[in-house]
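To start, the structure under review is shown below, and the notes come after it.
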Amino acid sequence: MASSPQRPPRQARQPEPDGAAARAARTWRLSVCFAGAGALALGVEVLLLREYLVTLQGDEVSIGLGLASWLSGISGGAYLTRWAGRQRSDRTAAWAMGLLAMLGWTAFVIARLGRRVLGVPPGELASLGPSLWLALLVFALPGATVGAGFVALAGSAERAGVLPGKAIPTLYIAEASGALLSGLFVSLVLIPTVSPVTALGVLTVFGLAAMMPAARAGAIGGRWLLSALCAAALVASLPPLSRRIEAWSERARFAALVPTVPLLDWANTPYEHMALGGVETHVLYAGGQYAASFPDPEEEEGRAHRWMLLGERPERVLVFGGVPTGVLRFMLRHPVARIDWVLHHPRELDLVRRHLDALDRQALADPRVRISYQDPRRFLADTSTSYDLILSLAADPSTLLLARDRSVEFSGLVARRLSARGAYVSRFSAGPNVQTGETGMLGATLLRSLGTAFPIVHAAPGPDGLLVAGHSPDSVTLSPERLAERWRTRRLSSDVFVPELLPLVYPPERVTTLEQELTRQAARLEPSRDDRPLSFLYASTVRGELAQSAWPLVLRWATQHRVTLALAGLGPSLLFALYVGLKRIASLGPCRSLGRVRPSHAVLHATAVTGASGMAYSIMLFYSFQSRVGMLYAEMGALTALFMLGLALGGVLGSRPRFLRCAQAIGFGTSILVAVSFFLMNRFSSPGTLLALGHGLLLVLAGAATGVVFPSAAGALMEQEPGLKRAAAWVELADHAGAAVAALLAATVFVPVHGLTLTAGLLVLLQGLALLITLSSGSTPPAPSRAAGGPDARISE
């Protein structure tokens with residue numbers, strides 16, 4: 001045969017010491033190359049997700065949309081690259097990583113200019129359809145280069161003879177390890193210290209530099225391409241150019257929100273992105289959403305008096321959920337001894353301080369005012385002070401970051417810090433007349449959540465409605481007469497507010513009607529919890545209706561047909577299980593010629609289910625972290641790094657031969673553990689370091705359960721159809737296709753409708769079903785001989 005002389009003789013498989021050293025060097029170079037590719041890919045992914053999150057106004061559903069598009073791109077790139085010949089793998093790998101470096105910058109700009117790209121008018125919301133199109137524009141092409149690069153690098157490893165039979169596990173672990181280091185570097189070093197543009201340049205330099213040893217040794221092609229791109233990224237990351245790119249892109253993004261207002265300054269906190277614009281009147285945006293405008297002393301004074309009168313004796317006042325831009329000096333006119341104003345981070349106040357009026361800056365320096373920089377949950381859990389009035393100035397819970405302050409768990413924390421005759425006041429958008437649809441359900445679930453912690457809850461009509469809760473019916477009131485008496489007792493005077501306005505602010509007949517409507521609806525609804533933030537679901541639906549999107553109809557149907565939705569999630573695997581069962585029955589009867597299901601089909605099904613479960617758990621833990629800890633914007637890279645650590649550990653365990661069934665069993669057991677953990681976390685409402693560490697541990701476990709299957713599945717495929725590159729392509733395709741579908745559906749439907757614990761239960765059923773299919777299909781056949789083309793044989797594609 002013509003190919004026989006090219007195949008090494010049997011004796012050559014026991015190399016001399018110099019041959020072993022050369023192979024070790026090739027393995028090291030390609031492992032470093034894979035680590036660099038993984039680091040570059042994860043760094044680009046995290047930075048793009050942060051920018052995309054701001055463009056979609058802080059809506060965490062954008063994380064699912066972005067990951068779904070990224071993973072879809074990886075699947076497509078892997079599928080297309082499997083057709084490339086082995087001789088072209090080296091060049092394909094270099095070009096794929098080079099394109100990733102270039103597309104990362106392009107996608108970064110598109111993400112920041114997203115509203116202009118979509119043509120969303122200023123002041124309007126982007127619906128789900130355009131948001132998904134933007135996600136594809138930002139993430140799909142960079143993801144495709146990642147998928148193509150992984151498969152092409154696997155082909156290069158096959159041609160170089162790197163660890164025959166163990167190349168995929170080794171390189172998979174290297175890629176995950178590089179991504180692990182990149183995620184930690186992004187969250188702990190780059191995000192706190194440099195601008196996003198500089199961070200992108202630094203990641204590009206390090207990622208491409210890690211590929212240079214393999215390029216110089218000829219293991220992959222494109223040495224000069226990688227060198228040129230590395231130099232260009234280095235120049236772009238230097239301050240003179242990076243500052244210009246940062247300023248231009250920030251101004252362009254802000255102009256898409258308010259075209260006629262110049263951008264003054266911007267800042268990134270661990271919780272969200274903030275931007276300040278304006279000349280005489282300043283406009284503040286937080287997380288891409290309108291937060292405040294100032295100075296407006298007349299409006300601020302009226303608002304301050306309305307709020308402060310709701311406290312019977314507001315000596316000790318706690319405020320959170322907004323930046324003090326003018327209301328504070330008017331609150332100090334009331335007989336207060338202490339005002340604690342809680343902000344997430346010093347950058348929030350630093351951004352606006354120098355633009356405040358002199359009187360507002362003096363109010364911040366008043367000895368009765370204490371500014372605390374802490375998460376409100378942590379503050380409430382740690383303080384021992386009892387407050388007479390607690391004010392929540394946050395907007396409607398249209399994001400998980402906002403919804404975490406409207407849950408049952410948060411209400412319990414507030415109730416423990418509120419004095420016996422104190423009042424807790426929070427804002428909500430009430431309907432103008434009748435409380436119907438999702439607007440009414442939003443107000444009702446907020447009232448229901450407060451009702452779990454407070455015996456007294458009143459509702460004031462809007463459009464800027466208020467919910468007032470407390471322990472004493474004598475002190476918690478919306479009666480205009482009693483509030484006017486408080487004004488007179490405090491001997492206050494104002495040019496813009498008089499007690500005669502109170503019947504117009506809190507008309508008794510409207511207050512009574514509003515409370516009756518909300519109470520009637522609340523009786524049929526569940527309260528909003530960290531595990532299932534219904535306030536976020538209803539607020540998102542209201543936003544969708546304002547954007548004239550059809551998606552609220554889907555959410556409304558899913559909420560009313562939760563059982564049908566659950567069966568739809570299990571449907572594809574149930575149908576495949578039925579198919580496997582019918583084939584198995586046929587193989588035992590007169591139709592024996594039909595045979596069983598091809599083992600490779602069961603292997604790919606197991607890989608897709610595992611990828612879907614791992615990605616769903618990852619998003620669910622992201623959401624849980626945002627609800628319970630709240631710093632997802634800053635810690636996204638570190639959390640992803642922990643998931644990648646799990647992938648690496650799972651890859652080590654899954655590199656054993658013929659381990660697929662055990663790998664799936666491990667994944668199934670881990671899935672049960674994660675689901676139980678979600679259930680147990682519902683019993684802990686107090687935030688803390690332990691809770692954050694618990695999320696990190698669960699991400700490692702979820703990653704390990706995913707990582708253990710990938711190399712095992714690749715090994716099983718190579719036993720059935722030898723060829724490292726082909727196996728890598730199919731496993732990469734199945735894994736990321738399943739993950740892409742899960743990212744989209746988990747973020748947009750299953751978690752909002754079912755909540756975290758029930759969705760985790762569905763994933764347990766899904767993985768258990770996949771394990772049964774694998775066991776019944778016999779997906780691990782006896783290993784073929786080398787003569788027949790075993791996993792060590794080099795079969796031409």
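In the structure tokens, the first chain shown is A, the next is B, and so on; residue numbers restart at 1 for each chain, and ligands run from 1 in the order shown.
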**Request:** Can you pull out every residue within 9 Å of A:Gly201, counting only C-alpha atoms, but drop anything in the same chain fewer than 4 positions away, and send it as a PyMOL selection string?
**Result:** chain A and resi 105+196-197+205-206+230+232-238+242
Write out the residues from the selection above, keeping C-alpha atoms, as a JSON list (two decimals), in the first residue's frame.
[["chain", "number", "residue", "atom", "x", "y", "z"],
["A", 105, "TRP", "CA", -11.72, 44.64, 18.88],
["A", 196, "PRO", "CA", -11.69, 47.91, 29.16],
["A", 197, "VAL", "CA", -9.81, 48.93, 26.01],
["A", 205, "VAL", "CA", -0.80, 40.42, 23.69],
["A", 206, "PHE", "CA", -0.55, 37.66, 26.29],
["A", 230, "CYS", "CA", 0.71, 41.00, 18.91],
["A", 232, "ALA", "CA", -0.53, 46.00, 17.03],
["A", 233, "ALA", "CA", -2.38, 44.97, 20.20],
["A", 234, "LEU", "CA", 0.54, 46.18, 22.31],
["A", 235, "VAL", "CA", 0.39, 49.60, 20.67],
["A", 236, "ALA", "CA", -3.40, 49.79, 21.08],
["A", 237, "SER", "CA", -3.15, 48.98, 24.79],
["A", 238, "LEU", "CA", -0.70, 51.82, 25.52],
["A", 242, "SER", "CA", -6.24, 53.33, 24.43]]
**Request:** From a DSSP calculation on the backbone, collect every residue of stretch 444-631 of chain A in alpha helix (DSSP H) and output the set as a ChimeraX atom specification.
**Result:** /A:444-451,480-489,502-505,508-522,534-546,551-560,562-588,599-628
**Message:** Can you tell me which residues surround stretch 701-706 of chain A at a distance of at most 10 Å, considering only C-alpha atoms, apart from same-chain residues fewer than 6 positions away, and format the answer as number ranges by chain?
**Reply:** A: 607, 609-618, 621, 640-654, 663-671, 673-674, 695, 735
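Backbone DSSP assigns strand (DSSP E) in stretch 150-291 of chain A to A:Leu263, A:Leu264, A:Asp265, A:Trp266, A:Ala267, A:Asn268, A:His273, A:Met274, A:Ala275, A:Leu276, A:Gly277, A:Gly278, A:His282, A:Val283, A:Leu284, A:Tyr285, A:Ala286, A:Gln289, A:Tyr290, A:Ala291.
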**Request:** Please provide as JSON, numbers by chain all residues within 12 Å of A:Ala729, with the sequence filter that same-chain residues fewer than 3 positions apart are discarded (counting only C-alpha atoms).
**Result:** {"A": [74, 75, 76, 77, 78, 79, 80, 81, 82, 83, 84, 146, 147, 148, 149, 150, 151, 152, 153, 154, 155, 168, 604, 710, 713, 714, 717, 718, 723, 724, 725, 726, 732, 733, 734, 735, 736, 737, 797]}
Keeping only N, CA and C atoms, write the selected residues as a compact mmCIF listing (two decimals), in the first residue's frame.
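Output below, filename result_6.txt:
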# COMPACT_ATOMS: atom_id res chain seq x y z
N ILE A 74 -18.99 28.93 18.16
CA ILE A 74 -18.00 27.86 18.38
C ILE A 74 -18.43 26.57 17.69
N SER A 75 -19.71 26.23 17.81
CA SER A 75 -20.22 25.01 17.17
C SER A 75 -20.06 25.09 15.66
N GLY A 76 -20.45 26.24 15.08
CA GLY A 76 -20.33 26.39 13.63
C GLY A 76 -18.89 26.35 13.16
N GLY A 77 -17.99 27.03 13.89
CA GLY A 77 -16.59 26.99 13.53
C GLY A 77 -16.00 25.61 13.61
N ALA A 78 -16.36 24.85 14.64
CA ALA A 78 -15.86 23.48 14.78
C ALA A 78 -16.37 22.60 13.65
N TYR A 79 -17.64 22.77 13.28
CA TYR A 79 -18.20 21.92 12.23
C TYR A 79 -17.54 22.20 10.88
N LEU A 80 -17.33 23.47 10.57
CA LEU A 80 -16.75 23.81 9.28
C LEU A 80 -15.28 23.39 9.20
N THR A 81 -14.56 23.50 10.27
CA THR A 81 -13.13 23.21 10.25
C THR A 81 -12.86 21.72 10.14
N ARG A 82 -13.80 20.89 10.52
CA ARG A 82 -13.56 19.45 10.44
C ARG A 82 -13.35 19.00 8.99
N TRP A 83 -13.78 19.82 8.02
CA TRP A 83 -13.60 19.44 6.62
C TRP A 83 -12.24 19.85 6.08
N ALA A 84 -11.51 20.67 6.84
CA ALA A 84 -10.19 21.08 6.37
C ALA A 84 -9.21 19.92 6.49
N VAL A 146 -12.98 30.66 17.67
CA VAL A 146 -12.56 29.80 18.78
C VAL A 146 -12.80 28.33 18.44
N GLY A 147 -13.99 28.02 17.90
CA GLY A 147 -14.27 26.64 17.52
C GLY A 147 -13.34 26.14 16.43
N ALA A 148 -13.11 26.98 15.43
CA ALA A 148 -12.20 26.59 14.36
C ALA A 148 -10.78 26.42 14.87
N GLY A 149 -10.37 27.29 15.78
CA GLY A 149 -9.02 27.20 16.31
C GLY A 149 -8.80 25.94 17.12
N PHE A 150 -9.80 25.54 17.94
CA PHE A 150 -9.64 24.33 18.75
C PHE A 150 -9.49 23.10 17.87
N VAL A 151 -10.34 22.97 16.87
CA VAL A 151 -10.28 21.79 16.00
C VAL A 151 -9.00 21.80 15.18
N ALA A 152 -8.61 22.98 14.66
CA ALA A 152 -7.38 23.05 13.87
C ALA A 152 -6.15 22.74 14.71
N LEU A 153 -6.14 23.23 15.95
CA LEU A 153 -5.01 22.92 16.83
C LEU A 153 -4.98 21.43 17.18
N ALA A 154 -6.16 20.82 17.32
CA ALA A 154 -6.20 19.38 17.54
C ALA A 154 -5.61 18.64 16.34
N GLY A 155 -5.90 19.13 15.11
CA GLY A 155 -5.30 18.54 13.93
C GLY A 155 -3.79 18.71 13.91
N ILE A 168 -6.47 14.88 23.11
CA ILE A 168 -7.64 15.72 23.41
C ILE A 168 -7.73 16.03 24.90
N LEU A 604 -22.80 11.40 21.31
CA LEU A 604 -23.04 12.81 21.00
C LEU A 604 -24.22 13.36 21.79
N PHE A 710 -16.26 15.50 28.35
CA PHE A 710 -15.72 15.89 27.05
C PHE A 710 -14.61 14.94 26.57
N ALA A 713 -16.00 11.35 26.03
CA ALA A 713 -16.78 11.21 24.80
C ALA A 713 -15.88 11.19 23.58
N ALA A 714 -14.85 12.04 23.58
CA ALA A 714 -13.92 12.04 22.46
C ALA A 714 -13.23 10.68 22.33
N LEU A 717 -15.65 8.18 20.84
CA LEU A 717 -15.80 8.36 19.40
C LEU A 717 -14.59 7.85 18.63
N MET A 718 -13.41 8.06 19.16
CA MET A 718 -12.21 7.59 18.48
C MET A 718 -12.13 6.07 18.45
N GLY A 723 -9.52 8.93 14.55
CA GLY A 723 -9.16 10.22 13.97
C GLY A 723 -9.34 11.30 15.00
N LEU A 724 -8.23 11.85 15.51
CA LEU A 724 -8.30 12.80 16.60
C LEU A 724 -9.06 14.05 16.19
N LYS A 725 -8.76 14.58 15.02
CA LYS A 725 -9.39 15.82 14.60
C LYS A 725 -10.89 15.66 14.40
N ARG A 726 -11.29 14.54 13.78
CA ARG A 726 -12.72 14.32 13.56
C ARG A 726 -13.45 14.19 14.90
N GLU A 732 -16.72 18.84 20.05
CA GLU A 732 -16.81 20.30 20.19
C GLU A 732 -18.17 20.81 19.69
N LEU A 733 -18.62 20.28 18.57
CA LEU A 733 -19.91 20.68 18.00
C LEU A 733 -21.05 20.33 18.95
N ALA A 734 -21.10 19.08 19.41
CA ALA A 734 -22.20 18.65 20.27
C ALA A 734 -22.20 19.39 21.60
N ASP A 735 -21.02 19.52 22.20
CA ASP A 735 -20.91 20.17 23.50
C ASP A 735 -21.39 21.62 23.44
N HIS A 736 -20.90 22.37 22.47
CA HIS A 736 -21.23 23.79 22.42
C HIS A 736 -22.61 24.05 21.81
N ALA A 737 -23.09 23.16 20.96
CA ALA A 737 -24.46 23.32 20.47
C ALA A 737 -25.46 23.14 21.60
N GLU A 797 -7.62 12.25 7.20
CA GLU A 797 -9.00 12.75 7.10
C GLU A 797 -9.44 12.70 5.66
